[in-house]
Amino acid sequence: MTLINHTNQMDDELCTWPPEPQMFTRANALDQWPLPITPLTQDLVELPQERGLEEAFVSVLGVSSPSQDWTWNGCFFGYVMFGVTPAAALADNLPGWSRAGVYADYLGVHPDPDAPPERQKLDPVGLLRIGGKFLSALRTYPRRAAAEITTARSQLDADRARDWSDVTDGYLLDRIAAFHDIHMWQRVPHAVASVIGAALFKQLNQSLVGLAGDDEGPRLATEMITPLGGVHMRDAIDAMADVASGRLARDVFVRDYGFRGNNEFELAARPWEDDPATLDRLVEASGRSTTHSGADAKEAARSRVRELAGWRWPLLRAHLAFTEKHLRWRENGKVPMAMGVASIRRVVMEAARRLVGRGRIGQLDDVFYLRKDELAQALSGGGPNDLDVRIARRRATRNLAIEFPLPEIVDATPDGICEVSESRWKSLGLIPPETADDETSVLVGVGGSRGSVTGRARIVTDPTDVEIDDGDILVARGTDSAWTPLFLQADAVVVDIGGVMSHACIAAREVGIPCVIDVKTGTTRITEGQSISVDGDAGTVTLR
């Protein structure tokens with residue numbers, strides 16, 4: 001069913017219609033892009049991130065062929081979605097993988113046992129080449145990631161200290177033009193870490209299933225690796241508590257962590273350093289939050305695996321340490337990207353101030369509704385004369401998009417987007433997902449972090465505008481890194497969309513609270529203040 005009733009009210013200027021039908025999901029994009037993006041964000045931030053994925057998969061890992069189209073992500077009416085079809089195609093080049101298996105991992109569906117078996121035609125020479133690239137990436141990308149952090153930090157510190165009134169228009173134009181390549185390379189280590197971390201975790205999971213069985217093995221795999229420690233956003237939350245207790249100066253926190261924040265890759269969003277009221281509230285809340293810890297569950301899981309593994313434990317322990325290292329980089333690889341966006345946001349805001357002063361735009365936040373070329377032209381004294389009309393149209397589209405009932409999974413074609421049909425699922429060798437039962441009192445999802453809690457549901461759409469009290473359970477469509485302070489205050493978390501390696505699960509395990517993800521309808525079935533029971537072991541949420 002084409003979603004025509006809504007899409008015909010919006011322009012499709014930001015839509016990246018694929019040249020042929022392709023399946024997309026919000027599940028792996030919601031962590032990073034919780035809201036529809038603005039046009040300038042698409043041009044300045046999301047496009048180079050897309051090119052960074054291309055560089056990682058094609059040049060660094062060698063598992064795909066180059067393309068000039070938007071391949072790995074898509075954007076539909078401002079919503080960034082992950083392209084599952086090209087990800088599934090990678091299975092053709094990787095032994096032990098299948099397209100149906102990749103679809104199942106990303107979309108939470110099951111392979112159809114009655115579907116014809118897939119036949120891989122692996123190229124031995126190609127496999128050797130890919131294997132060599134993976135080994136090279138394992139050695140080199142952590143150094144590259146660390147170097148990107150150092151470079152991005154130096155640029156951000158310089159931009160914070162800069163007297164922007166002294167820079168020329170030409171300097172602003174040069175920074176805007178150069179950012180595409182800078183941000184593309186900032187994206188590459190994070191993309192590589194995500195692929196390698198996921199592959200290593202999958203191997204660990206399979207090893208533990210072999211030792212402990214299908215029921216216990218996956219649980220042990222997730223509990224053995226969290227809390228990871230050394231994760232930047234968790235360090236930031238600990239530093240907030242230090243600010244609250246007086247052990248750390250507030251300006252030191254802002255220097256080290258102020259570039260982070262909710263929706264941090266959106267240029268129109270404000271990082272903590274530009275939103276002191278939100279930061280003050282988070283710091284105050286961190287000082288009175290209950291301290292959770294997943295360390296006991298982690299040690300118990302490791303003891304159990306040590307017992308099951310016997311003489312194989314040293315090998316498993318080495319694999320575990322290797323997996324943890326790359327999963328840390330999966331999270332910390334976002335740090336130079338967030339710093340880079342914080343830097344270019346300062347450039348954009350100085351350009352906005354000048355364009356307001358020259359009468360080219362009416363207010364500062366109009367700048368986010370310009371395209372990159374329009375911004376450069378206006379700053380140079382040229383460009384179209386109808387910027388106000390374009391800005392108004394794009395702003396109206398984004399306002400409509402925020403209320404757009406975009407499904408979690410869609411098929412996109414050159415002509416539009418539609419919900420995935422039963423026949424389409426079957427053509428991919430998959431069992432169609434079950435339709436949610438609107439009458440049941442038990443929502444079934446996936447257990448992301450162990451434990452059982454009953455408490456008051458808090459439906460959260462904006463983590464900067466909510467107070468969480470003791471005993472509250474956070475219920476959200478999805479979460480990104482800046483939600484982590486709320487996890488320290490909540491007793492449990494319920495999320496509509498996501499997988500076991502999504503931010504919500506990682507953060508919940510990091511702080512030791514129960515989490516159930518992929519319940520699909522939690523934010524619509526659960527009402528604000530309702531009593532609910534969260535069972536992270538069973539993956540269920542019971543409405544009271």
# chains A, B, ... in the order shown; residues from 1 in each chain; ligands from 1

$ select_by_dssp --residues "segment 65-228 of chain A" --states "alpha helix (DSSP H)" --output "JSON, numbers by chain"
{"A": [84, 85, 86, 87, 88, 89, 99, 100, 101, 102, 103, 104, 105, 106, 107, 124, 125, 126, 127, 128, 129, 130, 131, 132, 133, 134, 135, 136, 137, 138, 139, 140, 141, 142, 143, 144, 145, 146, 147, 148, 149, 150, 151, 152, 153, 154, 155, 156, 157, 158, 159, 160, 161, 169, 170, 171, 172, 173, 174, 175, 176, 177, 178, 179, 180, 181, 182, 183, 184, 185, 186, 187, 188, 189, 190, 191, 192, 193, 194, 195, 196, 197, 198, 199, 200, 201, 202, 203, 204, 205, 206, 207, 208, 209, 210, 211, 212, 213, 214, 215, 216, 217, 218, 219, 220, 221, 222, 223, 224]}

$ residues_around --residues "Val63 of chain A" --least-positions-apart "6" --cutoff "9 Å" --atoms "only C-alpha atoms" --output "list in words"
Phe57, Leu90, Ala91, Asn93, Leu94 and Ile130 of chain A

$ write_last_selection --atoms "all heavy atoms" --output "tab-separated table (two decimals), in the first residue's frame"
chain	number	residue	atom	x	y	z
A	57	PHE	N	33.11	-0.02	2.91
A	57	PHE	CA	32.72	-1.31	2.37
A	57	PHE	C	33.45	-1.66	1.08
A	57	PHE	O	33.74	-2.82	0.82
A	57	PHE	CB	31.20	-1.34	2.13
A	57	PHE	CG	30.39	-1.28	3.38
A	57	PHE	CD1	29.16	-0.63	3.40
A	57	PHE	CD2	30.83	-1.86	4.55
A	57	PHE	CE1	28.41	-0.57	4.55
A	57	PHE	CE2	30.09	-1.81	5.72
A	57	PHE	CZ	28.87	-1.16	5.72
A	90	LEU	N	25.81	-8.34	0.59
A	90	LEU	CA	27.17	-8.62	1.04
A	90	LEU	C	27.35	-10.10	1.36
A	90	LEU	O	28.47	-10.62	1.31
A	90	LEU	CB	27.50	-7.80	2.29
A	90	LEU	CG	27.49	-6.27	2.16
A	90	LEU	CD1	27.91	-5.64	3.49
A	90	LEU	CD2	28.41	-5.81	1.05
A	91	ALA	N	26.25	-10.78	1.73
A	91	ALA	CA	26.34	-12.20	2.07
A	91	ALA	C	26.85	-13.03	0.91
A	91	ALA	O	27.41	-14.11	1.12
A	91	ALA	CB	24.98	-12.71	2.54
A	93	ASN	N	29.35	-12.51	-0.75
A	93	ASN	CA	30.82	-12.51	-0.74
A	93	ASN	C	31.41	-13.06	0.54
A	93	ASN	O	32.64	-13.07	0.69
A	93	ASN	CB	31.33	-11.07	-0.93
A	93	ASN	CG	30.91	-10.47	-2.25
A	93	ASN	OD1	30.90	-11.15	-3.27
A	93	ASN	ND2	30.54	-9.20	-2.23
A	94	LEU	N	30.57	-13.49	1.48
A	94	LEU	CA	31.06	-13.90	2.80
A	94	LEU	C	30.64	-15.33	3.10
A	94	LEU	O	29.44	-15.62	3.17
A	94	LEU	CB	30.52	-12.94	3.88
A	94	LEU	CG	30.92	-11.47	3.72
A	94	LEU	CD1	30.17	-10.60	4.71
A	94	LEU	CD2	32.43	-11.31	3.89
A	130	ILE	N	39.41	-10.34	0.11
A	130	ILE	CA	38.60	-9.81	1.22
A	130	ILE	C	39.25	-10.14	2.56
A	130	ILE	O	39.33	-9.30	3.46
A	130	ILE	CB	37.17	-10.37	1.15
A	130	ILE	CG1	36.44	-9.81	-0.07
A	130	ILE	CG2	36.39	-10.04	2.43
A	130	ILE	CD1	35.09	-10.47	-0.34

$ closest_residue --among "A:Leu315, A:Met184, A:Val460, A:Leu156" --to "Gln49 of chain A" --atoms "only C-alpha atoms"
A:Met184

$ atom_distance --atom1 "atom CA of Ile182 of chain A" --atom2 "atom CA of Met337 of chain A"
9.4 Å

$ residues_around --residues "segment 97-105 of chain A" --least-positions-apart "6" --cutoff "9 Å" --atoms "only C-alpha atoms" --output "PDB file with all heavy atoms, in the first residue's frame"
ATOM      1  N   VAL A  84      18.694  -2.294   3.775  1.00  0.00           N
ATOM      2  CA  VAL A  84      18.915  -3.698   4.113  1.00  0.00           C
ATOM      3  C   VAL A  84      19.259  -4.513   2.870  1.00  0.00           C
ATOM      4  O   VAL A  84      20.033  -5.468   2.943  1.00  0.00           O
ATOM      5  CB  VAL A  84      17.673  -4.289   4.805  1.00  0.00           C
ATOM      6  CG1 VAL A  84      17.970  -5.684   5.346  1.00  0.00           C
ATOM      7  CG2 VAL A  84      17.215  -3.392   5.940  1.00  0.00           C
ATOM      8  N   THR A  85      18.727  -4.145   1.715  1.00  0.00           N
ATOM      9  CA  THR A  85      18.983  -4.906   0.492  1.00  0.00           C
ATOM     10  C   THR A  85      20.478  -4.967   0.149  1.00  0.00           C
ATOM     11  O   THR A  85      21.009  -6.055  -0.102  1.00  0.00           O
ATOM     12  CB  THR A  85      18.176  -4.339  -0.680  1.00  0.00           C
ATOM     13  OG1 THR A  85      16.778  -4.401  -0.349  1.00  0.00           O
ATOM     14  CG2 THR A  85      18.429  -5.110  -1.962  1.00  0.00           C
ATOM     15  N   ALA A  87      22.959  -4.543   2.188  1.00  0.00           N
ATOM     16  CA  ALA A  87      23.612  -5.280   3.272  1.00  0.00           C
ATOM     17  C   ALA A  87      23.443  -6.785   3.067  1.00  0.00           C
ATOM     18  O   ALA A  87      24.383  -7.566   3.284  1.00  0.00           O
ATOM     19  CB  ALA A  87      23.045  -4.852   4.618  1.00  0.00           C
ATOM     20  N   ALA A  88      22.231  -7.196   2.641  1.00  0.00           N
ATOM     21  CA  ALA A  88      22.004  -8.620   2.386  1.00  0.00           C
ATOM     22  C   ALA A  88      22.856  -9.114   1.220  1.00  0.00           C
ATOM     23  O   ALA A  88      23.332 -10.254   1.227  1.00  0.00           O
ATOM     24  CB  ALA A  88      20.521  -8.858   2.101  1.00  0.00           C
ATOM     25  N   ALA A  89      23.079  -8.251   0.238  1.00  0.00           N
ATOM     26  CA  ALA A  89      23.895  -8.645  -0.915  1.00  0.00           C
ATOM     27  C   ALA A  89      25.344  -8.920  -0.531  1.00  0.00           C
ATOM     28  O   ALA A  89      26.048  -9.666  -1.226  1.00  0.00           O
ATOM     29  CB  ALA A  89      23.837  -7.561  -1.991  1.00  0.00           C
ATOM     30  N   LEU A  90      25.810  -8.341   0.587  1.00  0.00           N
ATOM     31  CA  LEU A  90      27.172  -8.620   1.043  1.00  0.00           C
ATOM     32  C   LEU A  90      27.352 -10.102   1.365  1.00  0.00           C
ATOM     33  O   LEU A  90      28.472 -10.617   1.308  1.00  0.00           O
ATOM     34  CB  LEU A  90      27.499  -7.797   2.288  1.00  0.00           C
ATOM     35  CG  LEU A  90      27.493  -6.270   2.162  1.00  0.00           C
ATOM     36  CD1 LEU A  90      27.907  -5.641   3.485  1.00  0.00           C
ATOM     37  CD2 LEU A  90      28.409  -5.812   1.047  1.00  0.00           C
ATOM     38  N   ALA A  91      26.254 -10.777   1.729  1.00  0.00           N
ATOM     39  CA  ALA A  91      26.343 -12.198   2.071  1.00  0.00           C
ATOM     40  C   ALA A  91      26.852 -13.031   0.910  1.00  0.00           C
ATOM     41  O   ALA A  91      27.413 -14.112   1.117  1.00  0.00           O
ATOM     42  CB  ALA A  91      24.978 -12.709   2.537  1.00  0.00           C
ATOM     43  N   PRO A 111      13.836 -16.752   8.682  1.00  0.00           N
ATOM     44  CA  PRO A 111      13.908 -17.393   7.361  1.00  0.00           C
ATOM     45  C   PRO A 111      12.799 -18.429   7.192  1.00  0.00           C
ATOM     46  O   PRO A 111      12.424 -19.112   8.158  1.00  0.00           O
ATOM     47  CB  PRO A 111      15.297 -18.061   7.376  1.00  0.00           C
ATOM     48  CG  PRO A 111      16.095 -17.296   8.386  1.00  0.00           C
ATOM     49  CD  PRO A 111      15.098 -16.893   9.439  1.00  0.00           C
ATOM     50  N   ASP A 112      12.284 -18.523   6.003  1.00  0.00           N
ATOM     51  CA  ASP A 112      11.217 -19.480   5.701  1.00  0.00           C
ATOM     52  C   ASP A 112      11.849 -20.857   5.482  1.00  0.00           C
ATOM     53  O   ASP A 112      12.633 -21.047   4.552  1.00  0.00           O
ATOM     54  CB  ASP A 112      10.476 -19.035   4.438  1.00  0.00           C
ATOM     55  CG  ASP A 112       9.268 -19.901   4.127  1.00  0.00           C
ATOM     56  OD1 ASP A 112       9.126 -20.972   4.751  1.00  0.00           O
ATOM     57  OD2 ASP A 112       8.475 -19.517   3.255  1.00  0.00           O
ATOM     58  N   GLU A 118      19.593 -21.117  -0.580  1.00  0.00           N
ATOM     59  CA  GLU A 118      20.437 -20.202  -1.352  1.00  0.00           C
ATOM     60  C   GLU A 118      21.711 -20.923  -1.779  1.00  0.00           C
ATOM     61  O   GLU A 118      22.239 -21.763  -1.050  1.00  0.00           O
ATOM     62  CB  GLU A 118      20.804 -18.976  -0.506  1.00  0.00           C
ATOM     63  CG  GLU A 118      19.623 -18.116  -0.120  1.00  0.00           C
ATOM     64  CD  GLU A 118      20.052 -16.911   0.706  1.00  0.00           C
ATOM     65  OE1 GLU A 118      21.202 -16.458   0.552  1.00  0.00           O
ATOM     66  OE2 GLU A 118      19.233 -16.428   1.515  1.00  0.00           O
ATOM     67  N   ARG A 119      22.185 -20.572  -2.957  1.00  0.00           N
ATOM     68  CA  ARG A 119      23.425 -21.170  -3.454  1.00  0.00           C
ATOM     69  C   ARG A 119      24.471 -20.072  -3.619  1.00  0.00           C
ATOM     70  O   ARG A 119      24.326 -19.186  -4.444  1.00  0.00           O
ATOM     71  CB  ARG A 119      23.190 -21.877  -4.787  1.00  0.00           C
ATOM     72  CG  ARG A 119      22.368 -23.154  -4.671  1.00  0.00           C
ATOM     73  CD  ARG A 119      22.323 -23.896  -6.010  1.00  0.00           C
ATOM     74  NE  ARG A 119      21.696 -25.183  -5.903  1.00  0.00           N
ATOM     75  CZ  ARG A 119      20.381 -25.384  -5.995  1.00  0.00           C
ATOM     76  NH1 ARG A 119      19.580 -24.349  -6.195  1.00  0.00           N
ATOM     77  NH2 ARG A 119      19.869 -26.586  -5.865  1.00  0.00           N
ATOM     78  N   GLN A 120      25.497 -20.126  -2.787  1.00  0.00           N
ATOM     79  CA  GLN A 120      26.590 -19.175  -2.901  1.00  0.00           C
ATOM     80  C   GLN A 120      27.588 -19.655  -3.946  1.00  0.00           C
ATOM     81  O   GLN A 120      27.892 -20.844  -4.042  1.00  0.00           O
ATOM     82  CB  GLN A 120      27.315 -19.019  -1.564  1.00  0.00           C
ATOM     83  CG  GLN A 120      26.648 -18.100  -0.567  1.00  0.00           C
ATOM     84  CD  GLN A 120      27.535 -17.857   0.643  1.00  0.00           C
ATOM     85  OE1 GLN A 120      28.168 -18.768   1.145  1.00  0.00           O
ATOM     86  NE2 GLN A 120      27.590 -16.625   1.093  1.00  0.00           N
ATOM     87  N   LEU A 428      11.775 -13.158  -0.624  1.00  0.00           N
ATOM     88  CA  LEU A 428      13.110 -13.030  -0.041  1.00  0.00           C
ATOM     89  C   LEU A 428      13.464 -14.223   0.841  1.00  0.00           C
ATOM     90  O   LEU A 428      14.522 -14.244   1.476  1.00  0.00           O
ATOM     91  CB  LEU A 428      13.187 -11.749   0.800  1.00  0.00           C
ATOM     92  CG  LEU A 428      12.999 -10.442   0.035  1.00  0.00           C
ATOM     93  CD1 LEU A 428      12.868  -9.274   1.001  1.00  0.00           C
ATOM     94  CD2 LEU A 428      14.151 -10.208  -0.926  1.00  0.00           C
ATOM     95  N   GLY A 429      12.585 -15.240   0.865  1.00  0.00           N
ATOM     96  CA  GLY A 429      12.835 -16.419   1.681  1.00  0.00           C
ATOM     97  C   GLY A 429      12.582 -16.188   3.144  1.00  0.00           C
ATOM     98  O   GLY A 429      13.222 -16.810   4.005  1.00  0.00           O
ATOM     99  N   LEU A 430      11.625 -15.300   3.471  1.00  0.00           N
ATOM    100  CA  LEU A 430      11.359 -14.917   4.851  1.00  0.00           C
ATOM    101  C   LEU A 430       9.894 -15.132   5.208  1.00  0.00           C
ATOM    102  O   LEU A 430       9.010 -15.040   4.343  1.00  0.00           O
ATOM    103  CB  LEU A 430      11.715 -13.444   5.066  1.00  0.00           C
ATOM    104  CG  LEU A 430      13.160 -13.054   4.748  1.00  0.00           C
ATOM    105  CD1 LEU A 430      13.277 -11.538   4.684  1.00  0.00           C
ATOM    106  CD2 LEU A 430      14.110 -13.628   5.787  1.00  0.00           C
ATOM    107  N   GLY A 499      17.660  -3.737  17.720  1.00  0.00           N
ATOM    108  CA  GLY A 499      18.191  -5.083  17.862  1.00  0.00           C
ATOM    109  C   GLY A 499      19.103  -5.157  19.069  1.00  0.00           C
ATOM    110  O   GLY A 499      19.314  -4.173  19.778  1.00  0.00           O
TER     111      GLY A 499
END

$ closest_residue --among "A:Ala492, A:Glu284, A:Val442, A:Ser65" --to "Gly246 of chain A" --atoms "only C-alpha atoms"
A:Glu284

$ closest_residue --among "A:Leu486, A:Leu282, A:Ala476, A:Leu320" --to "Gly522 of chain A" --atoms "only C-alpha atoms"
A:Ala476

$ select_by_dssp --residues "segment 49-174 of chain A" --states "strand (DSSP E)" --output "PyMOL selection string"
chain A and resi 73-76+79-83+110-111

$ residues_around --residues "Asp438 of chain A" --least-positions-apart "3" --cutoff "9 Å" --atoms "only C-alpha atoms" --output "list in words"
Ser441, Thr521 and Arg525 of chain A

$ closest_residue --among "A:Asp242, A:Asp275, A:Glu408, A:Asp366" --to "Asp388 of chain A" --atoms "only C-alpha atoms"
A:Asp366

$ decode --residues "segment 80-118 of chain A" --atoms "N, CA and C atoms" --output "PDB file, in the first residue's frame"
ATOM      1  N   VAL A  80      16.089   9.244   7.805  1.00  0.00           N
ATOM      2  CA  VAL A  80      17.191   8.413   7.338  1.00  0.00           C
ATOM      3  C   VAL A  80      16.864   6.961   7.669  1.00  0.00           C
ATOM      4  N   MET A  81      17.040   6.068   6.683  1.00  0.00           N
ATOM      5  CA  MET A  81      16.767   4.649   6.859  1.00  0.00           C
ATOM      6  C   MET A  81      17.962   3.846   6.355  1.00  0.00           C
ATOM      7  N   PHE A  82      18.171   2.711   6.969  1.00  0.00           N
ATOM      8  CA  PHE A  82      19.278   1.839   6.591  1.00  0.00           C
ATOM      9  C   PHE A  82      18.853   0.930   5.453  1.00  0.00           C
ATOM     10  N   GLY A  83      19.692   0.818   4.428  1.00  0.00           N
ATOM     11  CA  GLY A  83      19.397  -0.020   3.269  1.00  0.00           C
ATOM     12  C   GLY A  83      19.717  -1.484   3.550  1.00  0.00           C
ATOM     13  N   VAL A  84      18.694  -2.294   3.775  1.00  0.00           N
ATOM     14  CA  VAL A  84      18.915  -3.698   4.113  1.00  0.00           C
ATOM     15  C   VAL A  84      19.259  -4.513   2.870  1.00  0.00           C
ATOM     16  N   THR A  85      18.727  -4.145   1.715  1.00  0.00           N
ATOM     17  CA  THR A  85      18.983  -4.906   0.492  1.00  0.00           C
ATOM     18  C   THR A  85      20.478  -4.967   0.149  1.00  0.00           C
ATOM     19  N   PRO A  86      21.204  -3.843   0.111  1.00  0.00           N
ATOM     20  CA  PRO A  86      22.642  -3.953  -0.174  1.00  0.00           C
ATOM     21  C   PRO A  86      23.408  -4.682   0.932  1.00  0.00           C
ATOM     22  N   ALA A  87      22.959  -4.543   2.188  1.00  0.00           N
ATOM     23  CA  ALA A  87      23.612  -5.280   3.272  1.00  0.00           C
ATOM     24  C   ALA A  87      23.443  -6.785   3.067  1.00  0.00           C
ATOM     25  N   ALA A  88      22.231  -7.196   2.641  1.00  0.00           N
ATOM     26  CA  ALA A  88      22.004  -8.620   2.386  1.00  0.00           C
ATOM     27  C   ALA A  88      22.856  -9.114   1.220  1.00  0.00           C
ATOM     28  N   ALA A  89      23.079  -8.251   0.238  1.00  0.00           N
ATOM     29  CA  ALA A  89      23.895  -8.645  -0.915  1.00  0.00           C
ATOM     30  C   ALA A  89      25.344  -8.920  -0.531  1.00  0.00           C
ATOM     31  N   LEU A  90      25.810  -8.341   0.587  1.00  0.00           N
ATOM     32  CA  LEU A  90      27.172  -8.620   1.043  1.00  0.00           C
ATOM     33  C   LEU A  90      27.352 -10.102   1.365  1.00  0.00           C
ATOM     34  N   ALA A  91      26.254 -10.777   1.729  1.00  0.00           N
ATOM     35  CA  ALA A  91      26.343 -12.198   2.071  1.00  0.00           C
ATOM     36  C   ALA A  91      26.852 -13.031   0.910  1.00  0.00           C
ATOM     37  N   ASP A  92      26.678 -12.546  -0.313  1.00  0.00           N
ATOM     38  CA  ASP A  92      27.160 -13.292  -1.475  1.00  0.00           C
ATOM     39  C   ASP A  92      28.686 -13.418  -1.469  1.00  0.00           C
ATOM     40  N   ASN A  93      29.355 -12.511  -0.753  1.00  0.00           N
ATOM     41  CA  ASN A  93      30.817 -12.508  -0.742  1.00  0.00           C
ATOM     42  C   ASN A  93      31.414 -13.064   0.544  1.00  0.00           C
ATOM     43  N   LEU A  94      30.567 -13.493   1.481  1.00  0.00           N
ATOM     44  CA  LEU A  94      31.063 -13.896   2.798  1.00  0.00           C
ATOM     45  C   LEU A  94      30.642 -15.328   3.104  1.00  0.00           C
ATOM     46  N   PRO A  95      31.582 -16.242   3.284  1.00  0.00           N
ATOM     47  CA  PRO A  95      31.229 -17.634   3.572  1.00  0.00           C
ATOM     48  C   PRO A  95      30.491 -17.754   4.900  1.00  0.00           C
ATOM     49  N   GLY A  96      29.482 -18.627   4.920  1.00  0.00           N
ATOM     50  CA  GLY A  96      28.710 -18.832   6.140  1.00  0.00           C
ATOM     51  C   GLY A  96      27.578 -17.841   6.323  1.00  0.00           C
ATOM     52  N   TRP A  97      27.438 -16.877   5.404  1.00  0.00           N
ATOM     53  CA  TRP A  97      26.374 -15.887   5.483  1.00  0.00           C
ATOM     54  C   TRP A  97      25.331 -16.201   4.406  1.00  0.00           C
ATOM     55  N   SER A  98      24.138 -15.728   4.627  1.00  0.00           N
ATOM     56  CA  SER A  98      23.074 -15.860   3.628  1.00  0.00           C
ATOM     57  C   SER A  98      22.277 -14.571   3.592  1.00  0.00           C
ATOM     58  N   ARG A  99      21.673 -14.302   2.456  1.00  0.00           N
ATOM     59  CA  ARG A  99      20.841 -13.096   2.354  1.00  0.00           C
ATOM     60  C   ARG A  99      19.675 -13.163   3.332  1.00  0.00           C
ATOM     61  N   ALA A 100      19.017 -14.318   3.392  1.00  0.00           N
ATOM     62  CA  ALA A 100      17.870 -14.456   4.294  1.00  0.00           C
ATOM     63  C   ALA A 100      18.312 -14.250   5.745  1.00  0.00           C
ATOM     64  N   GLY A 101      19.501 -14.744   6.081  1.00  0.00           N
ATOM     65  CA  GLY A 101      20.002 -14.561   7.440  1.00  0.00           C
ATOM     66  C   GLY A 101      20.255 -13.104   7.773  1.00  0.00           C
ATOM     67  N   VAL A 102      20.788 -12.344   6.806  1.00  0.00           N
ATOM     68  CA  VAL A 102      21.028 -10.915   7.032  1.00  0.00           C
ATOM     69  C   VAL A 102      19.706 -10.180   7.201  1.00  0.00           C
ATOM     70  N   TYR A 103      18.742 -10.493   6.337  1.00  0.00           N
ATOM     71  CA  TYR A 103      17.422  -9.875   6.496  1.00  0.00           C
ATOM     72  C   TYR A 103      16.844 -10.186   7.875  1.00  0.00           C
ATOM     73  N   ALA A 104      16.990 -11.434   8.308  1.00  0.00           N
ATOM     74  CA  ALA A 104      16.450 -11.823   9.607  1.00  0.00           C
ATOM     75  C   ALA A 104      17.129 -11.049  10.737  1.00  0.00           C
ATOM     76  N   ASP A 105      18.463 -10.891  10.651  1.00  0.00           N
ATOM     77  CA  ASP A 105      19.197 -10.181  11.706  1.00  0.00           C
ATOM     78  C   ASP A 105      18.759  -8.728  11.804  1.00  0.00           C
ATOM     79  N   TYR A 106      18.610  -8.063  10.669  1.00  0.00           N
ATOM     80  CA  TYR A 106      18.301  -6.638  10.681  1.00  0.00           C
ATOM     81  C   TYR A 106      16.825  -6.348  10.915  1.00  0.00           C
ATOM     82  N   LEU A 107      15.953  -7.245  10.469  1.00  0.00           N
ATOM     83  CA  LEU A 107      14.522  -6.940  10.478  1.00  0.00           C
ATOM     84  C   LEU A 107      13.741  -7.717  11.521  1.00  0.00           C
ATOM     85  N   GLY A 108      14.410  -8.612  12.250  1.00  0.00           N
ATOM     86  CA  GLY A 108      13.723  -9.344  13.304  1.00  0.00           C
ATOM     87  C   GLY A 108      12.702 -10.334  12.790  1.00  0.00           C
ATOM     88  N   VAL A 109      12.893 -10.837  11.572  1.00  0.00           N
ATOM     89  CA  VAL A 109      11.995 -11.844  11.012  1.00  0.00           C
ATOM     90  C   VAL A 109      12.739 -13.171  10.956  1.00  0.00           C
ATOM     91  N   HIS A 110      12.059 -14.211  10.472  1.00  0.00           N
ATOM     92  CA  HIS A 110      12.654 -15.550  10.455  1.00  0.00           C
ATOM     93  C   HIS A 110      12.738 -16.069   9.020  1.00  0.00           C
ATOM     94  N   PRO A 111      13.836 -16.752   8.682  1.00  0.00           N
ATOM     95  CA  PRO A 111      13.908 -17.393   7.361  1.00  0.00           C
ATOM     96  C   PRO A 111      12.799 -18.429   7.192  1.00  0.00           C
ATOM     97  N   ASP A 112      12.284 -18.523   6.003  1.00  0.00           N
ATOM     98  CA  ASP A 112      11.217 -19.480   5.701  1.00  0.00           C
ATOM     99  C   ASP A 112      11.849 -20.857   5.482  1.00  0.00           C
ATOM    100  N   PRO A 113      11.532 -21.839   6.317  1.00  0.00           N
ATOM    101  CA  PRO A 113      12.152 -23.165   6.153  1.00  0.00           C
ATOM    102  C   PRO A 113      11.763 -23.855   4.859  1.00  0.00           C
ATOM    103  N   ASP A 114      10.664 -23.398   4.254  1.00  0.00           N
ATOM    104  CA  ASP A 114      10.203 -24.014   3.005  1.00  0.00           C
ATOM    105  C   ASP A 114      10.777 -23.325   1.771  1.00  0.00           C
ATOM    106  N   ALA A 115      11.536 -22.252   1.955  1.00  0.00           N
ATOM    107  CA  ALA A 115      12.115 -21.543   0.812  1.00  0.00           C
ATOM    108  C   ALA A 115      13.251 -22.354   0.206  1.00  0.00           C
ATOM    109  N   PRO A 116      13.446 -22.261  -1.100  1.00  0.00           N
ATOM    110  CA  PRO A 116      14.573 -22.963  -1.726  1.00  0.00           C
ATOM    111  C   PRO A 116      15.894 -22.502  -1.114  1.00  0.00           C
ATOM    112  N   PRO A 117      16.852 -23.400  -0.903  1.00  0.00           N
ATOM    113  CA  PRO A 117      18.132 -23.006  -0.300  1.00  0.00           C
ATOM    114  C   PRO A 117      18.909 -22.061  -1.214  1.00  0.00           C
ATOM    115  N   GLU A 118      19.593 -21.117  -0.580  1.00  0.00           N
ATOM    116  CA  GLU A 118      20.437 -20.202  -1.352  1.00  0.00           C
ATOM    117  C   GLU A 118      21.711 -20.923  -1.779  1.00  0.00           C
TER     118      GLU A 118
END
